[in-house]
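This report refers to the structure that appears directly beneath it.
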Amino acid sequence: MRVVEVVRPGGPEQLAVADRPDPVPGPGEVLVRTAAAGVNRADVLQRQGHYPPPAGAPDWPGLEISGEVAGHGPGVDAAAWPLGARVAALLPGGGYATAAAVNAGLLLPVPDGIDLVDAAGLPEAVCTAWSNLVDAGRLRAGDTLLVQGGSGGVGSVAVQLGAALGAHVVATAGGPGRAARCRELGARTVVDHRTADVAAAVREATDGHGADVVLDVLGAGGLATNLAALATGGRLVVIGTQRGTRGEIDLGLLLARRASVIGTTLRSRPLAERTRIVADVRAHAWPLLADGRLRPVVHARLPLERAGDAHRLLDSGEVFGKVVLTT
C-alpha cells in the first residue's frame, strides 16, 4: 500500500509517499480500504517531531479515515461490518495510507447522504467535541458555550453540536466572512477575535452571565481571556495549545467563580476509553447527521501525494473546517 511518511522531523517538505506492506487485521480488527484521511493539527505536530504516535500505532500520521470494509480479523462480527460497508474510523495513527487495520470498536457507519470522502473529516472532530463538551464540560441545554476558534476542524463541529444540544453558542472567528459561516453552523453570537474583547463580548451577549463552558484550542495565550469569560461554576476545557503551553492562572478569580480548568487529549487514551467515546458518539451525535443538524465541513480535498500542500494550507490559517487527503 501507499503511505505518507515523515522522512525526518521538519516542515511539510518532509512528507513523502512510500510503499509499505498491506496491513493484516489482527484479533478484533477490520481492514479498511481508505477513501480519504482527515488532516489535523496533531499531524502537523507529529511531522515536526513534537507528537510521536503511541506505542503500537503506525509511525506515519493520520488520526481519522473513511473508506470501505475489505476484510475481518479473528473475532470480528462480519455481519455488523459486512464487506463493502461504508465506514469512518478514529485511529491512533496511520491514516495517511491507502489501507488501515482498525479496531472494530473505533468504526462508525457512514450514513446515506453523507459523502464518503467528506466523512473522513468527522471521526476525530466529533469524538473530540462530544467527549469534551458533554463528558468533560457537562454542557446542557440552556448553557452558554464559548467555542474558541469556531472555524477550525473541531470548532466547526463543536458549534453544530452545541446548537443541537440547545446551548447558546458563542464562537470566535477572524473576519466577517468566517463569522457568517459560524452563524450558518448554529452560532448565535460570533466575536471577531482580531478586533473585539472576547470576554467582554461574551458577557454582553449573555447579560453578564458569561460562558458555562469554554472549549479552547489556544492554551496559554487564551487563558486570561477564557477565565474572564467564565460564568460562576463555569468549566474551561483546554484541548489545544496553539498559543503556548505555559501560562499564569488568577487563582483568586478561579476561586471566586468556583470554576474548573480541565485538560484532555484523545489519541493517547486507552483503547477502552476511545471505544466508549466512539460508542457514545454513535448513539448520541451520529444521528444528527441523518437530520442535518450535523454535517462535515470540508475546506479542501487534496490527493494523498499532496500531503505537504495540505499541511501548508492548514498552517496558512485560511482553512475553514477540515482538509482531507483522497486516495
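Starting from 1 in every chain, residues are counted up; chains themselves are A, B, ... following the order of the C-alpha cells, and ligands are numbered from 1 as listed.
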
For segment 206-216 of chain A: contacts at 10 Å, only C-alpha atoms, fewer than 3 positions along chain excluded, given as an NGL selection string: :A and (129 or 132-134 or 136-140 or 142-150 or 154-155 or 158 or 167-171 or 189 or 199-203 or 219-220 or 222-223 or 226-242 or 259-263)

Give me the residues of segment 42-134 of chain A that have any atom at most 12 Å from an atom of segment 4-12 of chain A; for each, the nearest atom pair and the distance in Å, rounded to one decimal. Use only C-alpha atoms, sort by chain and number, and format it as a tab-separated table.
residue	atom	partner	partner_atom	distance
A:Asp43	CA	A:Val6	CA	10.1
A:Val44	CA	A:Pro12	CA	8.3
A:Leu45	CA	A:Pro9	CA	9.3
A:Gln46	CA	A:Pro9	CA	7.9
A:Arg47	CA	A:Pro9	CA	5.5
A:Gln48	CA	A:Pro9	CA	4.7
A:Gly49	CA	A:Pro9	CA	4.9
A:His50	CA	A:Pro9	CA	8.5
A:Tyr51	CA	A:Pro9	CA	10.4
A:Pro52	CA	A:Pro9	CA	10.4
A:Pro53	CA	A:Val6	CA	11.9
A:Pro58	CA	A:Glu5	CA	9.8
A:Asp59	CA	A:Glu5	CA	7.5
A:Trp60	CA	A:Glu5	CA	4.8
A:Pro61	CA	A:Glu5	CA	7.1
A:Gly62	CA	A:Val4	CA	9.2
A:Gly93	CA	A:Glu5	CA	11.3
A:Gly94	CA	A:Val4	CA	8.8
A:Gly95	CA	A:Val4	CA	8.9
A:Tyr96	CA	A:Val4	CA	5.5
A:Ala97	CA	A:Val4	CA	6.4
A:Thr98	CA	A:Val4	CA	9.5
A:Ala99	CA	A:Val4	CA	11.7

Nearest candidate to His299 of chain A (options A:Val198, A:Val323, A:Leu313, A:Val278; using only C-alpha atoms):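 Checking each candidate against His299 of chain A, we get A:Val323 as the closest.
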
Alpha helix (DSSP H) per DSSP on the backbone: members of segment 135-322 of chain A, as a PyMOL selection string: chain A and resi 153-164+176-185+198-205+223-229+251-257+271-280+287-290+307-316

Would you pick out the contacts of Gly26 of chain A at 8 Å or less, using only C-alpha atoms, so that residues sharing its chain but fewer than 4 positions from it are not included, and give the list as a tab-separated table (two decimals) with all heavy atoms, in the first residue's frame?
chain	number	residue	atom	x	y	z
A	30	VAL	N	-10.69	-4.68	11.79
A	30	VAL	CA	-11.30	-4.66	10.47
A	30	VAL	C	-10.34	-3.99	9.51
A	30	VAL	O	-9.72	-2.98	9.84
A	30	VAL	CB	-12.64	-3.91	10.50
A	30	VAL	CG1	-13.18	-3.68	9.09
A	30	VAL	CG2	-13.66	-4.66	11.34
A	73	GLY	N	-10.52	-9.41	10.89
A	73	GLY	CA	-9.64	-10.21	11.70
A	73	GLY	C	-10.43	-11.19	12.56
A	73	GLY	O	-11.67	-11.14	12.60
A	74	PRO	N	-9.73	-12.07	13.27
A	74	PRO	CA	-10.41	-13.04	14.14
A	74	PRO	C	-11.27	-12.33	15.18
A	74	PRO	O	-10.87	-11.33	15.77
A	74	PRO	CB	-9.26	-13.80	14.80
A	74	PRO	CG	-8.09	-13.61	13.88
A	74	PRO	CD	-8.26	-12.26	13.28
A	101	ALA	N	-5.73	-1.14	9.28
A	101	ALA	CA	-6.36	-2.13	10.15
A	101	ALA	C	-6.85	-1.39	11.39
A	101	ALA	O	-6.07	-0.74	12.09
A	101	ALA	CB	-5.38	-3.23	10.53

Nearest to Val217 of chain A by atom-to-atom distance, counting only C-alpha atoms, from A:Arg258, A:Arg41, A:Arg282, A:Arg246: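 Going through A:Arg258, A:Arg41, A:Arg282, A:Arg246 one by one, the smallest distance to Val217 of chain A is for A:Arg41.
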
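Nearest-residue note for Ala70 of chain A: choosing from A:Leu31, A:Val39, A:Gly174, A:Gly56, the minimum distance belongs to A:Leu31, counting only C-alpha atoms.
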
From the DSSP assignment of the backbone, select every residue of segment 64-292 of chain A that is strand (DSSP E), and format the answer as a compact mmCIF listing (two decimals) with C-alpha atoms, in the first residue's frame.
# COMPACT_ATOMS: atom_id res chain seq x y z
CA GLU A 64 -9.15 9.54 11.02
CA ILE A 65 -10.21 7.94 7.77
CA SER A 66 -13.21 6.94 5.71
CA GLY A 67 -13.49 4.03 3.31
CA GLU A 68 -14.95 0.59 2.77
CA VAL A 69 -14.61 -2.63 4.77
CA ALA A 70 -12.26 -5.01 2.93
CA GLY A 71 -11.58 -7.75 5.48
CA HIS A 72 -12.00 -9.01 9.03
CA ARG A 86 -19.06 2.47 4.15
CA VAL A 87 -17.28 3.37 7.37
CA ALA A 88 -15.34 6.11 9.11
CA ALA A 89 -12.78 5.38 11.79
CA LEU A 90 -10.89 7.00 14.65
CA ALA A 99 -5.48 0.94 3.82
CA ALA A 100 -5.65 0.57 7.59
CA ALA A 101 -6.36 -2.13 10.15
CA VAL A 102 -8.79 -0.66 12.69
CA ASN A 103 -10.18 -1.99 15.95
CA LEU A 107 -15.56 2.24 13.49
CA LEU A 108 -18.59 4.37 12.68
CA PRO A 109 -21.04 3.69 9.82
CA THR A 144 -23.73 29.25 27.12
CA LEU A 145 -20.87 27.67 25.19
CA LEU A 146 -17.86 29.67 24.02
CA VAL A 147 -16.01 27.95 21.17
CA HIS A 168 -26.35 29.46 23.31
CA VAL A 169 -23.24 29.12 21.19
CA VAL A 170 -20.73 31.97 21.09
CA ALA A 171 -17.92 31.40 18.61
CA THR A 172 -14.76 33.35 17.85
CA ALA A 173 -13.65 33.80 14.26
CA THR A 189 -23.18 35.12 18.63
CA VAL A 190 -19.85 35.43 16.79
CA VAL A 191 -16.97 37.54 18.07
CA ASP A 192 -14.18 38.73 15.78
CA ALA A 211 -19.86 31.16 29.46
CA ASP A 212 -20.82 27.98 31.30
CA VAL A 213 -18.40 26.02 29.09
CA VAL A 214 -15.39 27.24 27.14
CA LEU A 215 -13.84 24.92 24.56
CA ASP A 216 -10.32 26.18 23.95
CA LEU A 230 -16.34 32.07 32.51
CA ALA A 231 -19.63 32.14 34.38
CA THR A 232 -19.83 31.21 38.04
CA GLY A 233 -19.40 27.45 38.12
CA GLY A 234 -18.04 27.51 34.57
CA ARG A 235 -15.81 24.86 33.02
CA LEU A 236 -12.81 25.73 30.85
CA VAL A 237 -11.87 22.71 28.73
CA VAL A 238 -8.47 23.02 27.07
CA SER A 260 -12.83 24.41 36.77
CA VAL A 261 -9.97 24.10 34.31
CA ILE A 262 -9.87 20.73 32.53
CA GLY A 263 -7.29 19.46 30.07

Straight-line distance linking atom CA of Leu289 of chain A with atom CA of Gly113 of chain A, stated in Å to one decimal: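 Distance reported for this atom pair: 8.8 Å.
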
Atom CA of Leu288 of chain A to atom CA of Asp115 of chain A, distance in Å rounded to a single decimal: 15.1 Å

Interatomic distance, atom CA of Glu248 of chain A to atom CA of Glu124 of chain A (Å, one decimal): 29.5 Å

Among the residues A:Thr327, A:Thr275, A:Thr195, A:Ser268, the one that comes closest to Ala55 of chain A [using only C-alpha atoms]: A:Ser268
